[in-house]
Structures are given as structure tokens and as C-alpha cells.
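**Student:** Data: model-v1.pdb, PDB, C-alpha atoms and all ligand atoms.
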```
ATOM      1  CA  MET A   1     -89.191  56.743   2.410
ATOM      2  CA  SER A   2     -89.390  59.343   5.130
ATOM      3  CA  LEU A   3     -88.093  59.021   8.636
ATOM      4  CA  PHE A   4     -89.996  59.920  11.776
ATOM      5  CA  LYS A   5     -88.664  61.172  15.063
ATOM      6  CA  CYS A   6     -89.244  59.545  18.428
ATOM      7  CA  LYS A   7     -91.272  61.855  20.711
ATOM      8  CA  ILE A   8     -89.055  60.970  23.651
ATOM      9  CA  CYS A   9     -85.430  60.792  22.528
ATOM     10  CA  CYS A  10     -85.789  62.525  19.119
ATOM     11  CA  HIS A  11     -83.964  59.622  17.503
ATOM     12  CA  LYS A  12     -84.970  58.965  13.913
ATOM     13  CA  LYS A  13     -87.032  55.854  13.438
ATOM     14  CA  LEU A  14     -88.863  54.013  10.717
ATOM     15  CA  SER A  15     -92.193  53.215  12.299
ATOM     16  CA  LEU A  16     -95.179  55.513  12.673
ATOM     17  CA  LYS A  17     -95.451  54.839  16.396
ATOM     18  CA  SER A  18     -94.675  57.931  18.440
ATOM     19  CA  TRP A  19     -91.992  56.184  20.542
ATOM     20  CA  CYS A  20     -88.980  54.343  19.162
ATOM     21  CA  LYS A  21     -88.427  50.747  20.179
ATOM     22  CA  GLU A  22     -85.584  51.693  22.543
ATOM     23  CA  CYS A  23     -87.793  54.128  24.478
ATOM     24  CA  ASN A  24     -90.542  51.512  24.615
ATOM     25  CA  LYS A  25     -88.032  49.051  26.013
ATOM     26  CA  LEU A  26     -86.856  51.536  28.665
ATOM     27  CA  PHE A  27     -90.438  52.346  29.593
ATOM     28  CA  SER A  28     -91.501  48.723  30.018
ATOM     29  CA  LEU A  29     -88.420  48.152  32.179
ATOM     30  CA  VAL A  30     -89.386  51.119  34.379
ATOM     31  CA  GLN A  31     -92.998  49.906  34.652
ATOM     32  CA  LYS A  32     -91.907  46.384  35.552
ATOM     33  CA  ASN A  33     -89.455  47.503  38.226
ATOM     34  CA  LEU A  34     -91.218  50.512  39.739
ATOM     35  CA  GLY A  35     -91.496  49.972  43.475
ATOM     36  CA  ILE A  36     -89.165  46.956  43.287
ATOM     37  CA  LEU A  37     -85.827  48.527  42.467
ATOM     38  CA  GLY A  38     -84.221  51.532  44.131
ATOM     39  CA  LEU A  39     -83.265  54.507  41.984
ATOM     40  CA  GLY A  40     -79.640  53.461  41.491
ATOM     41  CA  GLN A  41     -80.631  49.900  40.611
ATOM     42  CA  MET A  42     -83.254  51.194  38.206
ATOM     43  CA  ILE A  43     -80.658  53.321  36.378
ATOM     44  CA  ASP A  44     -78.304  50.314  36.341
ATOM     45  CA  ALA A  45     -81.050  48.222  34.753
ATOM     46  CA  LEU A  46     -81.666  50.883  32.095
ATOM     47  CA  ILE A  47     -77.943  51.146  31.282
ATOM     48  CA  ALA A  48     -77.709  47.338  31.135
ATOM     49  CA  THR A  49     -80.019  47.396  28.089
ATOM     50  CA  GLY A  50     -77.039  48.707  26.109
ATOM     51  CA  ILE A  51     -79.063  51.699  24.893
ATOM     52  CA  PRO A  52     -76.763  54.772  24.618
ATOM     53  CA  LYS A  53     -76.665  56.786  27.834
ATOM     54  CA  ASP A  54     -77.558  60.070  26.158
ATOM     55  CA  ARG A  55     -80.807  58.495  24.984
ATOM     56  CA  ILE A  56     -81.501  57.080  28.455
ATOM     57  CA  LYS A  57     -80.934  60.580  29.835
ATOM     58  CA  LYS A  58     -83.411  62.057  27.348
ATOM     59  CA  PHE A  59     -85.864  59.315  28.226
ATOM     60  CA  LEU A  60     -85.609  60.037  31.966
ATOM     61  CA  GLU A  61     -85.944  63.779  31.405
ATOM     62  CA  SER A  62     -88.923  63.492  29.072
ATOM     63  CA  ASP A  63     -92.423  64.311  30.234
ATOM     64  CA  PRO A  64     -94.650  62.329  27.835
ATOM     65  CA  TRP A  65     -97.942  62.974  29.665
ATOM     66  CA  GLY A  66     -97.279  66.447  31.088
ATOM     67  CA  GLN A  67     -97.221  64.992  34.614
ATOM     68  CA  GLY A  68     -93.554  65.507  35.351
ATOM     69  CA  SER A  69     -90.496  63.808  33.940
ATOM     70  CA  ILE A  70     -90.155  60.038  34.066
ATOM     71  CA  LEU A  71     -87.283  60.423  36.533
ATOM     72  CA  ASP A  72     -89.441  62.588  38.811
ATOM     73  CA  GLN A  73     -92.252  60.043  38.582
ATOM     74  CA  ILE A  74     -89.866  57.275  39.632
ATOM     75  CA  THR A  75     -88.571  59.439  42.502
ATOM     76  CA  ALA A  76     -92.117  60.281  43.633
ATOM     77  CA  GLN A  77     -93.068  56.598  43.633
ATOM     78  CA  LEU A  78     -89.994  55.674  45.672
ATOM     79  CA  THR A  79     -90.677  58.479  48.150
ATOM     80  CA  ASN A  80     -94.289  57.379  48.613
ATOM     81  CA  ASN A  81     -93.259  53.740  49.045
ATOM     82  CA  LEU A  82     -90.750  54.768  51.661
ATOM     83  CA  ALA A  83     -93.222  57.034  53.481
ATOM     84  CA  SER A  84     -95.949  54.387  53.604
ATOM     85  CA  GLY A  85     -93.335  51.791  54.602
ATOM     86  CA  ILE A  86     -92.480  53.753  57.729
ATOM     87  CA  GLY A  87     -96.103  54.639  58.417
ATOM     88  CA  VAL A  88     -96.208  58.289  57.335
ATOM     89  CA  LYS A  89     -99.792  59.187  56.441
ATOM     90  CA  GLY A  90    -101.060  61.775  53.976
ATOM     91  CA  ALA A  91     -97.636  62.430  52.494
ATOM     92  CA  ASP A  92     -98.353  61.555  48.873
ATOM     93  CA  VAL A  93     -95.698  63.083  46.687
ATOM     94  CA  SER A  94     -96.353  63.700  42.995
ATOM     95  CA  ALA A  95     -93.828  64.030  40.194
ATOM     96  CA  GLN A  96     -94.634  67.760  40.147
ATOM     97  CA  ASP A  97     -93.694  68.006  43.830
ATOM     98  CA  VAL A  98     -90.383  66.332  43.086
ATOM     99  CA  ALA A  99     -89.677  68.724  40.220
ATOM    100  CA  GLN A 100     -90.577  71.703  42.413
ATOM    101  CA  GLN A 101     -88.302  70.507  45.212
ATOM    102  CA  ARG A 102     -85.461  69.802  42.805
ATOM    103  CA  LYS A 103     -85.676  73.304  41.346
ATOM    104  CA  LYS A 104     -86.254  75.113  44.632
ATOM    105  CA  PRO A 105     -84.803  72.966  47.422
ATOM    106  CA  LEU A 106     -85.108  75.799  49.947
ATOM    107  CA  HIS A 107     -88.907  75.542  49.684
ATOM    108  CA  LEU A 108     -88.578  72.283  51.600
ATOM    109  CA  ALA A 109     -87.625  74.251  54.667
ATOM    110  CA  SER A 110     -90.099  74.418  57.515
ATOM    111  CA  GLN A 111     -91.138  77.825  58.797
ATOM    112  CA  LYS A 112     -89.206  77.298  61.998
ATOM    113  CA  PRO A 113     -86.261  79.701  62.322
ATOM    114  CA  ILE A 114     -82.808  78.163  62.505
ATOM    115  CA  GLU A 115     -81.335  78.601  65.941
TER     116      GLU A 115
HETATM  117 ZN    ZN B   1     -86.868  57.129  21.545
END
```
So, in terms of C-alpha cells, how does the structure I just supplied come out?
**Tutor:**
Amino acid sequence: MSLFKCKICCHKKLSLKSWCKECNKLFSLVQKNLGILGLGQMIDALIATGIPKDRIKKFLESDPWGQGSILDQITAQLTNNLASGIGVKGADVSAQDVAQQRKKPLHLASQKPIE
């Protein structure tokens, strides 16, 4: 019998599905709570599953659809919820924007010189 590797956390698994059952569990938790829980609460909920933290970390850092990591997608969603909550228009943030800002925070600066 051969073992397969999960696409997300690289953990060995028995089934042919591309994601292991732990990653599926984490993902359904994220889907269910997106826009309901804040980032800290979301991480708490993921840790509360009892799944090892290193696998949760890999899950959050994975980019299964090439649209930015799961963590960046959660952050983008929270940012958009917040912006629309306070009435900011046309400020849709994508997971790619979040990744860009995380890597190059100085790019967030406006063009106005610091006085
Ligand atoms: Zn996995």
C-alpha cells in the first residue's frame, strides 16, 4: 500500500483526495467563520481543533488556488468587511494586495512627504 501526501500540509495520508482530513477540517472551519470571527479568534478556533500547530501554520501559509495564501485571504476578507462597515467605498483588498503589503510595507505610504 502506498501513501500519498497532502497538497497543503505535506502530511502523509491514506486517501487519494488531494487534501488530508485535517486540512479539510481547518478549511471548513475557516469557511464557516469567515466574516464572523476576527483573526485572533479564527486562529484560536483552528488551534482548538487539536491539530498540531505546525500543520495549522502550513495550512495558513498554503496557496491552494494561486490566489494568495489562506491567511492573506482571511486578512483581505476582514479588511474589506471593516472598510464596508465604516462606509469606505471602492477599497476592495485582495489576498494578493495583502501579500504585497506584508512583503513591502513601505509601499503603503502615500506620496505625501513626511514633514
Ligand atoms: Zn493536510
**Student:** Have a look at A:Leu26, A:Gln96, A:Ile74, A:Phe4 and name the one nearest to Lys58 in chain A; count only C-alpha atoms.
**Tutor:**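 Checking each candidate against Lys58 in chain A, we get A:Leu26 as the closest.
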**Student:** Can you tell me, as AutoDock Vina command-line options, the centre and edge lengths (Å, one decimal) of the axis-aligned box enclosing all of range 10-13 of chain A's listed atoms after padding each side by 4 Å?
**Tutor:**
```
--center_x -85.5 --center_y 59.2 --center_z 16.3 --size_x 11.1 --size_y 14.7 --size_z 13.7
```
**Student:** Taking all atoms listed in the file into account, which of A:Leu37, A:Leu106, A:Val98, A:Gln31 comes nearest Asn81 in chain A?
**Tutor:**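 Smallest distance to Asn81 in chain A is found for A:Leu37.
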**Student:** Write out as a ChimeraX atom specification the residues lying within 12 Å of Lys21 in chain A, counting all atoms listed in the file and excluding same-chain residues fewer than 5 positions away.
**Tutor:** /A:5-9,11-16,26-28,51,55
**Student:** Given the choices A:Lys32, A:Lys103, A:Lys25, A:Lys89, which gets closest to ligand ZN 1 (chain B) if the distance is worked out from all atoms listed in the file?
**Tutor:**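 Between A:Lys32, A:Lys103, A:Lys25, A:Lys89, the residue approaching ligand ZN 1 (chain B) most closely is A:Lys25.
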**Student:** Enter the distance from CA of Ser94 in chain A to CA of Gly40 in chain A, in Å, rounded to one decimal.
**Tutor:** 19.7 Å
**Student:** Find the distance between CA of Asp97 in chain A and CA of Leu34 in chain A and write it in Å to one decimal.
**Tutor:**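 These two atoms are separated by 18.1 Å.
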**Student:** When you count all atoms listed in the file, which of these residues is closest to Leu82 in chain A: A:Ser69, A:Gly38, A:Glu22, A:Pro52?
**Tutor:**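 Going through A:Ser69, A:Gly38, A:Glu22, A:Pro52 one by one, the smallest distance to Leu82 in chain A is for A:Gly38.
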**Student:** Quick one: residues within 10 Å of Val93 in chain A, all atoms listed in the file counted, chain neighbours fewer than 6 positions away excluded, as a PyMOL selection string?
**Tutor:** chain A and resi 73+75-81+83
**Student:** Taking all atoms listed in the file into account, name the residue in A:Ser84, A:Leu60, A:Ala99, A:Asp72 that is nearest to ligand ZN 1 (chain B).
**Tutor:**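 The shortest atom-to-atom distance to ligand ZN 1 (chain B) comes from A:Leu60.
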**Student:** Hey, which of A:Gln100, A:Cys10, A:Thr49, A:Asp54 ends up closest to ligand ZN 1 (chain B)? Count only C-alpha atoms and all ligand atoms.
**Tutor:** A:Cys10
**Student:** For a test of reading the model, state the distance in Å between CA of Lys53 in chain A and CA of Ile36 in chain A, rounded to one decimal.
**Tutor:**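 That distance, rounded to one decimal, is 22.2 Å.
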